Amino acid sequence: MIILEFKAKGKESQYSAIDEAIRTVKFIRNSCVRLWMDNKGTNKFDLSKYSKVLAHQFPFANELNSTARQAASERAWSSIGRRPRYANVRFYDNCKKKVPGKKGFPKFQKHCRFGVADAARTVEYKQSGWKLSPDKKSITFSDKKGIGKLKLKGTWDLWRFDKKQIKRVRIVKRADGYYIQFCVSVDVIEELEPSKSTVGLDVGLKEFYTDSDGNSEPNPRFYRTGEKRLKFYQRRVSRKKKGSSNRRVRLVLSRSLLRKEGYNSGNRGVKIPKILTVCWMVVKTHPIKRYVTPYLATPSR
């Protein structure tokens, strides 16, 4: 499974329709969590059925596509139940394993900040509710929310994949605009030849990594380099009146810079380990055990 991301271009009315769809997804997700809290023994199938009940009770929920409602109920269950497809499902597992401290009880989604999690500002469709144009440079959403046709801006070759391979389509709202993500079912196979040699790696803060041969990769510290520019934008934000359009523009610029630095750090954290894996075939990790010497109290005289 690979994810292809494009920038979405549309009108302000379409962006407002996307925001309304995101609010509807939050409502369905929070309602499913409340159903699980009030009724003991509720499972994921009950939450999926409840999404249909909400569509009959509330007209704005009925305007959303049925597969998007199901995805919202699945998102609620991902914060409750145990499913290997989601990495943040730990509540039931932590309770069974008797993990000390907080178990990660599911919470309601409210006003989520930018940069915290994309799942809180996402509308996910399955294999219905959307249609790609013949040239695959635009996508049309056919539910009653009124999103309509959005242009796709990006460098990915979407035309290489068949429509049946696209399993999910997401609309993600971020600080610098709206994005469309395509989850494509593709088996990535890489033919690699073993190097028949061994190397040890040590990851640190001063150097990104240092191997046993003495080679090291410097840590560029993207956030530190962009911190000066970020302070410049934040000073401009503080000088603008709250609620004004000028303040909103400055906020978008500062958030865009933060997201850019996060992308640079994330890409580097993914690409270099992948290169090392390709070069050395197998990477073994050894957990570091921390031994604490018990404090021996001397008897008082």
# chains A, B, ... in the order shown; residues from 1 in each chain; ligands from 1

$ select_by_dssp --residues "stretch 3-226 of chain A" --states "helix (DSSP H, G or I)" --output "PyMOL selection string"
chain A and resi 12-38+44-57+59-62+66-78+91-97+118-121+158-160+163-165+222-226

$ residues_around --residues "A:Leu251" --least-positions-apart "4" --cutoff "10 Å" --atoms "only C-alpha atoms" --output "list in words"
Ala175, Asp176, Tyr233, Gln234, Arg236, Val237, Ser238, Ser245, Asn246, Arg247, Arg255, Ser256 and Leu257 of chain A

$ select_by_dssp --residues "stretch 48-269 of chain A" --states "strand (DSSP E)" --output "PyMOL selection string"
chain A and resi 122-125+130-132+138-141+148-153+166-174+177-184+201-203+207-211+216-218

$ atom_distance --atom1 "atom CA of A:Trp159" --atom2 "atom CA of A:Trp130"
16.0 Å

$ atom_distance --atom1 "atom CA of A:Lys131" --atom2 "atom CA of A:Thr24"
21.2 Å

$ closest_residue --among "A:Ser128, A:Ile189, A:Glu63, A:Thr198" --to "A:Lys167" --atoms "only C-alpha atoms"
A:Ser128

$ closest_residue --among "A:Phe60, A:Asn94, A:Asp211, A:Lys26" --to "A:Ala72" --atoms "only C-alpha atoms"
A:Lys26

$ residues_around --residues "A:Val169" --least-positions-apart "2" --cutoff "6 Å" --atoms "only C-alpha atoms" --output "ChimeraX atom specification"
/A:124-125,181-182

$ residues_around --residues "A:Phe161" --least-positions-apart "3" --cutoff "12 Å" --atoms "only C-alpha atoms" --output "list in words"
Ile2, Leu4, Leu132, Lys136, Trp156, Asp157, Leu158, Lys164, Gln165, Ile166, Lys167, Phe182, Cys183, Val184, Ser185 and Val186 of chain A

$ write_last_selection --atoms "all heavy atoms" --output "short mmCIF file (atom, residue, chain, number, x, y, z; two decimals), in the first residue's frame"
data_model
loop_
_atom_site.label_atom_id
_atom_site.label_comp_id
_atom_site.auth_asym_id
_atom_site.auth_seq_id
_atom_site.Cartn_x
_atom_site.Cartn_y
_atom_site.Cartn_z
N ILE A 2 0.64 2.12 -0.97
CA ILE A 2 1.35 3.38 -1.04
C ILE A 2 0.33 4.51 -1.02
O ILE A 2 -0.83 4.32 -1.37
CB ILE A 2 2.24 3.49 -2.29
CG1 ILE A 2 1.40 3.38 -3.57
CG2 ILE A 2 3.34 2.45 -2.26
CD1 ILE A 2 2.19 3.61 -4.84
N LEU A 4 -0.40 8.40 -2.34
CA LEU A 4 -0.06 9.49 -3.25
C LEU A 4 -0.84 10.73 -2.82
O LEU A 4 -2.06 10.68 -2.64
CB LEU A 4 -0.40 9.12 -4.69
CG LEU A 4 0.15 7.78 -5.20
CD1 LEU A 4 -0.26 7.56 -6.64
CD2 LEU A 4 1.67 7.75 -5.08
N LEU A 132 -12.74 10.03 -10.67
CA LEU A 132 -11.60 10.70 -11.31
C LEU A 132 -11.95 11.07 -12.73
O LEU A 132 -12.71 10.38 -13.42
CB LEU A 132 -10.38 9.78 -11.29
CG LEU A 132 -9.55 9.74 -10.01
CD1 LEU A 132 -8.50 8.64 -10.10
CD2 LEU A 132 -8.88 11.07 -9.75
N LYS A 136 -7.23 12.19 -15.20
CA LYS A 136 -6.81 12.02 -13.81
C LYS A 136 -6.07 13.25 -13.27
O LYS A 136 -5.13 13.15 -12.50
CB LYS A 136 -5.94 10.76 -13.66
CG LYS A 136 -6.71 9.49 -13.96
CD LYS A 136 -5.92 8.25 -13.63
CE LYS A 136 -6.78 7.01 -13.88
NZ LYS A 136 -6.08 5.76 -13.57
N TRP A 156 2.87 13.21 -8.97
CA TRP A 156 2.70 11.76 -9.03
C TRP A 156 2.00 11.35 -10.32
O TRP A 156 1.11 12.05 -10.81
CB TRP A 156 1.90 11.27 -7.83
CG TRP A 156 2.59 11.46 -6.51
CD1 TRP A 156 2.35 12.43 -5.58
CD2 TRP A 156 3.63 10.67 -5.99
NE1 TRP A 156 3.17 12.30 -4.51
CE2 TRP A 156 3.98 11.21 -4.73
CE3 TRP A 156 4.34 9.55 -6.44
CZ2 TRP A 156 4.98 10.67 -3.93
CZ3 TRP A 156 5.32 9.01 -5.64
CH2 TRP A 156 5.64 9.56 -4.41
N ASP A 157 2.36 10.19 -10.84
CA ASP A 157 1.75 9.66 -12.05
C ASP A 157 0.56 8.79 -11.66
O ASP A 157 0.66 7.56 -11.55
CB ASP A 157 2.77 8.85 -12.86
CG ASP A 157 3.92 9.72 -13.36
OD1 ASP A 157 3.68 10.92 -13.56
OD2 ASP A 157 5.03 9.20 -13.53
N LEU A 158 -0.58 9.43 -11.45
CA LEU A 158 -1.76 8.69 -11.02
C LEU A 158 -2.36 7.85 -12.14
O LEU A 158 -3.04 6.85 -11.89
CB LEU A 158 -2.81 9.68 -10.49
CG LEU A 158 -3.98 9.10 -9.69
CD1 LEU A 158 -3.50 8.33 -8.48
CD2 LEU A 158 -4.95 10.21 -9.29
N LYS A 164 -9.41 0.35 -9.71
CA LYS A 164 -9.67 -0.70 -8.74
C LYS A 164 -8.57 -0.81 -7.69
O LYS A 164 -8.78 -1.36 -6.61
CB LYS A 164 -9.84 -2.04 -9.44
CG LYS A 164 -11.04 -2.09 -10.38
CD LYS A 164 -11.15 -3.45 -11.06
CE LYS A 164 -12.36 -3.49 -11.99
NZ LYS A 164 -12.46 -4.80 -12.68
N GLN A 165 -7.39 -0.30 -8.02
CA GLN A 165 -6.29 -0.34 -7.06
C GLN A 165 -6.39 0.75 -6.00
O GLN A 165 -5.75 0.65 -4.96
CB GLN A 165 -4.95 -0.20 -7.78
CG GLN A 165 -4.60 -1.38 -8.69
CD GLN A 165 -3.27 -1.16 -9.38
OE1 GLN A 165 -3.18 -0.46 -10.39
NE2 GLN A 165 -2.22 -1.75 -8.82
N ILE A 166 -7.20 1.78 -6.25
CA ILE A 166 -7.37 2.87 -5.28
C ILE A 166 -8.42 2.43 -4.26
O ILE A 166 -9.61 2.34 -4.57
CB ILE A 166 -7.79 4.17 -5.98
CG1 ILE A 166 -6.76 4.56 -7.05
CG2 ILE A 166 -7.95 5.28 -4.97
CD1 ILE A 166 -7.14 5.77 -7.86
N LYS A 167 -7.99 2.16 -3.05
CA LYS A 167 -8.88 1.63 -2.02
C LYS A 167 -9.50 2.73 -1.16
O LYS A 167 -10.61 2.58 -0.68
CB LYS A 167 -8.10 0.66 -1.12
CG LYS A 167 -7.50 -0.52 -1.88
CD LYS A 167 -8.56 -1.33 -2.59
CE LYS A 167 -7.96 -2.52 -3.32
NZ LYS A 167 -8.98 -3.28 -4.06
N PHE A 182 -4.51 9.45 -2.03
CA PHE A 182 -4.99 8.21 -2.64
C PHE A 182 -4.21 7.05 -2.04
O PHE A 182 -2.97 7.02 -2.12
CB PHE A 182 -4.80 8.24 -4.16
CG PHE A 182 -5.60 9.31 -4.87
CD1 PHE A 182 -5.07 10.58 -5.06
CD2 PHE A 182 -6.88 9.05 -5.32
CE1 PHE A 182 -5.80 11.56 -5.70
CE2 PHE A 182 -7.61 10.03 -5.97
CZ PHE A 182 -7.07 11.29 -6.15
N CYS A 183 -4.93 6.10 -1.45
CA CYS A 183 -4.31 4.88 -0.93
C CYS A 183 -4.39 3.82 -2.00
O CYS A 183 -5.48 3.30 -2.30
CB CYS A 183 -5.01 4.42 0.34
SG CYS A 183 -4.95 5.61 1.69
N VAL A 184 -3.26 3.48 -2.59
CA VAL A 184 -3.19 2.58 -3.74
C VAL A 184 -2.64 1.24 -3.27
O VAL A 184 -1.61 1.19 -2.58
CB VAL A 184 -2.31 3.16 -4.86
CG1 VAL A 184 -2.35 2.26 -6.09
CG2 VAL A 184 -2.78 4.57 -5.22
N SER A 185 -3.33 0.17 -3.65
CA SER A 185 -2.90 -1.18 -3.28
C SER A 185 -1.86 -1.67 -4.30
O SER A 185 -2.22 -2.07 -5.42
CB SER A 185 -4.10 -2.13 -3.24
OG SER A 185 -3.71 -3.44 -2.95
N VAL A 186 -0.60 -1.58 -3.92
CA VAL A 186 0.50 -1.98 -4.80
C VAL A 186 1.50 -2.78 -3.97
O VAL A 186 1.82 -2.42 -2.84
CB VAL A 186 1.20 -0.74 -5.42
CG1 VAL A 186 2.40 -1.18 -6.25
CG2 VAL A 186 0.24 0.04 -6.27
#

$ atom_distance --atom1 "atom CA of A:Pro106" --atom2 "atom CA of A:Ala17"
27.6 Å

$ residues_around --residues "A:Thr122" --least-positions-apart "6" --cutoff "10 Å" --atoms "only C-alpha atoms" --output "ChimeraX atom specification"
/A:18-19,21-23,25-26,72,170-174,178-180

$ write_last_selection --atoms "N, CA and C atoms" --output "compact mmCIF listing (two decimals), in the first residue's frame"
# COMPACT_ATOMS: atom_id res chain seq x y z
N ILE A 18 -15.99 21.31 2.34
CA ILE A 18 -15.06 20.35 2.94
C ILE A 18 -15.02 20.51 4.45
N ASP A 19 -15.03 21.76 4.93
CA ASP A 19 -15.05 21.99 6.38
C ASP A 19 -16.31 21.43 7.01
N ALA A 21 -18.01 18.88 5.87
CA ALA A 21 -17.86 17.42 5.85
C ALA A 21 -16.95 16.95 6.99
N ILE A 22 -15.90 17.71 7.27
CA ILE A 22 -15.00 17.36 8.39
C ILE A 22 -15.74 17.44 9.71
N ARG A 23 -16.57 18.48 9.89
CA ARG A 23 -17.36 18.59 11.12
C ARG A 23 -18.34 17.43 11.26
N VAL A 25 -17.92 14.38 10.05
CA VAL A 25 -17.14 13.20 10.41
C VAL A 25 -16.81 13.21 11.91
N LYS A 26 -16.45 14.37 12.43
CA LYS A 26 -16.18 14.49 13.87
C LYS A 26 -17.43 14.16 14.68
N ALA A 72 -15.84 6.94 9.43
CA ALA A 72 -15.86 7.68 10.68
C ALA A 72 -16.11 6.77 11.87
N ARG A 170 -8.78 10.32 0.65
CA ARG A 170 -8.92 11.20 1.81
C ARG A 170 -8.80 12.66 1.39
N ILE A 171 -9.57 13.51 2.05
CA ILE A 171 -9.41 14.95 1.94
C ILE A 171 -8.84 15.42 3.27
N VAL A 172 -7.66 16.00 3.24
CA VAL A 172 -6.96 16.41 4.46
C VAL A 172 -6.84 17.93 4.47
N LYS A 173 -7.21 18.53 5.58
CA LYS A 173 -7.07 19.98 5.76
C LYS A 173 -5.82 20.25 6.58
N ARG A 174 -4.94 21.09 6.04
CA ARG A 174 -3.74 21.48 6.76
C ARG A 174 -3.64 22.99 6.81
N TYR A 178 -5.66 22.45 1.34
CA TYR A 178 -6.34 21.16 1.34
C TYR A 178 -5.60 20.20 0.42
N TYR A 179 -5.56 18.94 0.82
CA TYR A 179 -4.83 17.92 0.08
C TYR A 179 -5.72 16.70 -0.14
N ILE A 180 -5.45 16.00 -1.25
CA ILE A 180 -6.14 14.75 -1.58
C ILE A 180 -5.13 13.62 -1.52

$ residues_around --residues "A:Asp46" --least-positions-apart "2" --cutoff "12 Å" --atoms "only C-alpha atoms" --output "ChimeraX atom specification"
/A:32-33,35-36,39-44,48-53,70,73-74,76-77

$ write_last_selection --atoms "C-alpha atoms" --output "PDB file, in the first residue's frame"
ATOM      1  CA  CYS A  32     -19.965   6.442  18.219  1.00  0.00           C
ATOM      2  CA  VAL A  33     -17.549   6.910  21.114  1.00  0.00           C
ATOM      3  CA  LEU A  35     -22.484   5.032  22.318  1.00  0.00           C
ATOM      4  CA  TRP A  36     -19.610   2.797  23.394  1.00  0.00           C
ATOM      5  CA  ASN A  39     -23.582   0.788  26.407  1.00  0.00           C
ATOM      6  CA  LYS A  40     -21.304  -1.953  27.699  1.00  0.00           C
ATOM      7  CA  GLY A  41     -20.341  -4.612  25.177  1.00  0.00           C
ATOM      8  CA  THR A  42     -20.619  -2.410  22.089  1.00  0.00           C
ATOM      9  CA  ASN A  43     -18.438  -3.728  19.259  1.00  0.00           C
ATOM     10  CA  LYS A  44     -17.285  -2.330  15.930  1.00  0.00           C
ATOM     11  CA  SER A  48     -21.102   0.768  11.921  1.00  0.00           C
ATOM     12  CA  LYS A  49     -24.868   0.254  12.297  1.00  0.00           C
ATOM     13  CA  TYR A  50     -25.134   3.363  14.466  1.00  0.00           C
ATOM     14  CA  SER A  51     -23.648   5.503  11.691  1.00  0.00           C
ATOM     15  CA  LYS A  52     -26.690   4.585   9.595  1.00  0.00           C
ATOM     16  CA  VAL A  53     -29.023   5.491  12.472  1.00  0.00           C
ATOM     17  CA  GLN A  70     -18.512   3.977   7.885  1.00  0.00           C
ATOM     18  CA  SER A  73     -17.238   4.815  12.782  1.00  0.00           C
ATOM     19  CA  GLU A  74     -14.085   2.808  12.058  1.00  0.00           C
ATOM     20  CA  ALA A  76     -14.035   5.722  16.516  1.00  0.00           C
ATOM     21  CA  TRP A  77     -13.355   2.026  16.948  1.00  0.00           C
TER      22      TRP A  77
END

$ residues_around --residues "stretch 203-209 of chain A" --least-positions-apart "5" --cutoff "8 Å" --atoms "only C-alpha atoms" --output "list in words"
Ser216, Glu217, Pro218 and Asn219 of chain A

$ write_last_selection --atoms "N, CA, C and O atoms" --output "PDB file, in the first residue's frame"
ATOM      1  N   SER A 216      30.182   9.169   9.247  1.00  0.00           N
ATOM      2  CA  SER A 216      29.093   9.803   9.981  1.00  0.00           C
ATOM      3  C   SER A 216      28.286  10.696   9.045  1.00  0.00           C
ATOM      4  O   SER A 216      28.803  11.201   8.041  1.00  0.00           O
ATOM      5  N   GLU A 217      27.027  10.880   9.398  1.00  0.00           N
ATOM      6  CA  GLU A 217      26.109  11.738   8.649  1.00  0.00           C
ATOM      7  C   GLU A 217      25.727  12.906   9.549  1.00  0.00           C
ATOM      8  O   GLU A 217      25.228  12.709  10.666  1.00  0.00           O
ATOM      9  N   PRO A 218      25.960  14.150   9.135  1.00  0.00           N
ATOM     10  CA  PRO A 218      25.648  15.292  10.014  1.00  0.00           C
ATOM     11  C   PRO A 218      24.153  15.469  10.213  1.00  0.00           C
ATOM     12  O   PRO A 218      23.337  15.095   9.356  1.00  0.00           O
ATOM     13  N   ASN A 219      23.802  16.039  11.318  1.00  0.00           N
ATOM     14  CA  ASN A 219      22.414  16.349  11.632  1.00  0.00           C
ATOM     15  C   ASN A 219      22.118  17.785  11.194  1.00  0.00           C
ATOM     16  O   ASN A 219      22.669  18.730  11.763  1.00  0.00           O
TER      17      ASN A 219
END

$ decode --residues "stretch 36-67 of chain A" --atoms "N, CA and C atoms" --output "PDB file, in the first residue's frame"
ATOM      1  N   TRP A  36     -20.431   3.823  22.739  1.00  0.00           N
ATOM      2  CA  TRP A  36     -19.610   2.797  23.394  1.00  0.00           C
ATOM      3  C   TRP A  36     -19.493   3.059  24.898  1.00  0.00           C
ATOM      4  N   MET A  37     -19.414   4.323  25.300  1.00  0.00           N
ATOM      5  CA  MET A  37     -19.316   4.646  26.728  1.00  0.00           C
ATOM      6  C   MET A  37     -20.607   4.314  27.471  1.00  0.00           C
ATOM      7  N   ASP A  38     -21.755   4.566  26.847  1.00  0.00           N
ATOM      8  CA  ASP A  38     -23.044   4.394  27.523  1.00  0.00           C
ATOM      9  C   ASP A  38     -23.545   2.960  27.505  1.00  0.00           C
ATOM     10  N   ASN A  39     -23.083   2.155  26.553  1.00  0.00           N
ATOM     11  CA  ASN A  39     -23.582   0.788  26.407  1.00  0.00           C
ATOM     12  C   ASN A  39     -22.414  -0.189  26.468  1.00  0.00           C
ATOM     13  N   LYS A  40     -22.379  -0.991  27.518  1.00  0.00           N
ATOM     14  CA  LYS A  40     -21.304  -1.953  27.699  1.00  0.00           C
ATOM     15  C   LYS A  40     -21.450  -3.093  26.692  1.00  0.00           C
ATOM     16  N   GLY A  41     -20.339  -3.518  26.139  1.00  0.00           N
ATOM     17  CA  GLY A  41     -20.341  -4.612  25.177  1.00  0.00           C
ATOM     18  C   GLY A  41     -20.535  -4.186  23.738  1.00  0.00           C
ATOM     19  N   THR A  42     -20.480  -2.895  23.467  1.00  0.00           N
ATOM     20  CA  THR A  42     -20.619  -2.410  22.089  1.00  0.00           C
ATOM     21  C   THR A  42     -19.375  -2.765  21.285  1.00  0.00           C
ATOM     22  N   ASN A  43     -19.571  -3.345  20.106  1.00  0.00           N
ATOM     23  CA  ASN A  43     -18.438  -3.728  19.259  1.00  0.00           C
ATOM     24  C   ASN A  43     -18.410  -2.868  18.007  1.00  0.00           C
ATOM     25  N   LYS A  44     -17.469  -3.159  17.125  1.00  0.00           N
ATOM     26  CA  LYS A  44     -17.285  -2.330  15.930  1.00  0.00           C
ATOM     27  C   LYS A  44     -18.455  -2.442  14.953  1.00  0.00           C
ATOM     28  N   PHE A  45     -19.159  -3.586  14.952  1.00  0.00           N
ATOM     29  CA  PHE A  45     -20.306  -3.731  14.058  1.00  0.00           C
ATOM     30  C   PHE A  45     -21.477  -2.868  14.541  1.00  0.00           C
ATOM     31  N   ASP A  46     -21.621  -2.743  15.849  1.00  0.00           N
ATOM     32  CA  ASP A  46     -22.670  -1.867  16.385  1.00  0.00           C
ATOM     33  C   ASP A  46     -22.407  -0.409  16.030  1.00  0.00           C
ATOM     34  N   LEU A  47     -21.125  -0.010  16.047  1.00  0.00           N
ATOM     35  CA  LEU A  47     -20.793   1.364  15.674  1.00  0.00           C
ATOM     36  C   LEU A  47     -21.076   1.618  14.200  1.00  0.00           C
ATOM     37  N   SER A  48     -20.813   0.610  13.350  1.00  0.00           N
ATOM     38  CA  SER A  48     -21.102   0.768  11.921  1.00  0.00           C
ATOM     39  C   SER A  48     -22.604   0.902  11.675  1.00  0.00           C
ATOM     40  N   LYS A  49     -23.410   0.134  12.426  1.00  0.00           N
ATOM     41  CA  LYS A  49     -24.868   0.254  12.297  1.00  0.00           C
ATOM     42  C   LYS A  49     -25.360   1.598  12.818  1.00  0.00           C
ATOM     43  N   TYR A  50     -24.711   2.100  13.863  1.00  0.00           N
ATOM     44  CA  TYR A  50     -25.134   3.363  14.466  1.00  0.00           C
ATOM     45  C   TYR A  50     -24.886   4.549  13.524  1.00  0.00           C
ATOM     46  N   SER A  51     -23.879   4.434  12.666  1.00  0.00           N
ATOM     47  CA  SER A  51     -23.648   5.503  11.691  1.00  0.00           C
ATOM     48  C   SER A  51     -24.830   5.645  10.731  1.00  0.00           C
ATOM     49  N   LYS A  52     -25.497   4.527  10.441  1.00  0.00           N
ATOM     50  CA  LYS A  52     -26.690   4.585   9.595  1.00  0.00           C
ATOM     51  C   LYS A  52     -27.864   5.195  10.353  1.00  0.00           C
ATOM     52  N   VAL A  53     -27.960   4.897  11.645  1.00  0.00           N
ATOM     53  CA  VAL A  53     -29.023   5.491  12.472  1.00  0.00           C
ATOM     54  C   VAL A  53     -28.861   7.002  12.548  1.00  0.00           C
ATOM     55  N   LEU A  54     -27.617   7.460  12.686  1.00  0.00           N
ATOM     56  CA  LEU A  54     -27.369   8.904  12.721  1.00  0.00           C
ATOM     57  C   LEU A  54     -27.762   9.574  11.411  1.00  0.00           C
ATOM     58  N   ALA A  55     -27.568   8.864  10.295  1.00  0.00           N
ATOM     59  CA  ALA A  55     -27.944   9.435   8.996  1.00  0.00           C
ATOM     60  C   ALA A  55     -29.447   9.633   8.891  1.00  0.00           C
ATOM     61  N   HIS A  56     -30.254   8.751   9.526  1.00  0.00           N
ATOM     62  CA  HIS A  56     -31.703   8.910   9.501  1.00  0.00           C
ATOM     63  C   HIS A  56     -32.171   9.996  10.469  1.00  0.00           C
ATOM     64  N   GLN A  57     -31.435  10.200  11.547  1.00  0.00           N
ATOM     65  CA  GLN A  57     -31.853  11.171  12.551  1.00  0.00           C
ATOM     66  C   GLN A  57     -31.460  12.602  12.200  1.00  0.00           C
ATOM     67  N   PHE A  58     -30.308  12.778  11.557  1.00  0.00           N
ATOM     68  CA  PHE A  58     -29.776  14.117  11.298  1.00  0.00           C
ATOM     69  C   PHE A  58     -29.604  14.307   9.790  1.00  0.00           C
ATOM     70  N   PRO A  59     -30.226  15.323   9.212  1.00  0.00           N
ATOM     71  CA  PRO A  59     -30.098  15.542   7.754  1.00  0.00           C
ATOM     72  C   PRO A  59     -28.673  15.842   7.313  1.00  0.00           C
ATOM     73  N   PHE A  60     -27.901  16.590   8.120  1.00  0.00           N
ATOM     74  CA  PHE A  60     -26.539  16.921   7.700  1.00  0.00           C
ATOM     75  C   PHE A  60     -25.644  15.682   7.687  1.00  0.00           C
ATOM     76  N   ALA A  61     -25.942  14.673   8.511  1.00  0.00           N
ATOM     77  CA  ALA A  61     -25.182  13.430   8.472  1.00  0.00           C
ATOM     78  C   ALA A  61     -25.568  12.588   7.260  1.00  0.00           C
ATOM     79  N   ASN A  62     -26.828  12.686   6.839  1.00  0.00           N
ATOM     80  CA  ASN A  62     -27.278  11.941   5.665  1.00  0.00           C
ATOM     81  C   ASN A  62     -26.665  12.493   4.380  1.00  0.00           C
ATOM     82  N   GLU A  63     -26.252  13.769   4.396  1.00  0.00           N
ATOM     83  CA  GLU A  63     -25.639  14.351   3.198  1.00  0.00           C
ATOM     84  C   GLU A  63     -24.266  13.762   2.912  1.00  0.00           C
ATOM     85  N   LEU A  64     -23.613  13.224   3.931  1.00  0.00           N
ATOM     86  CA  LEU A  64     -22.288  12.629   3.747  1.00  0.00           C
ATOM     87  C   LEU A  64     -22.422  11.247   3.132  1.00  0.00           C
ATOM     88  N   ASN A  65     -21.446  10.867   2.332  1.00  0.00           N
ATOM     89  CA  ASN A  65     -21.466   9.562   1.683  1.00  0.00           C
ATOM     90  C   ASN A  65     -21.468   8.441   2.712  1.00  0.00           C
ATOM     91  N   SER A  66     -22.136   7.318   2.382  1.00  0.00           N
ATOM     92  CA  SER A  66     -22.268   6.212   3.332  1.00  0.00           C
ATOM     93  C   SER A  66     -20.913   5.598   3.691  1.00  0.00           C
ATOM     94  N   THR A  67     -20.011   5.507   2.721  1.00  0.00           N
ATOM     95  CA  THR A  67     -18.688   4.945   3.029  1.00  0.00           C
ATOM     96  C   THR A  67     -17.874   5.874   3.913  1.00  0.00           C
TER      97      THR A  67
END
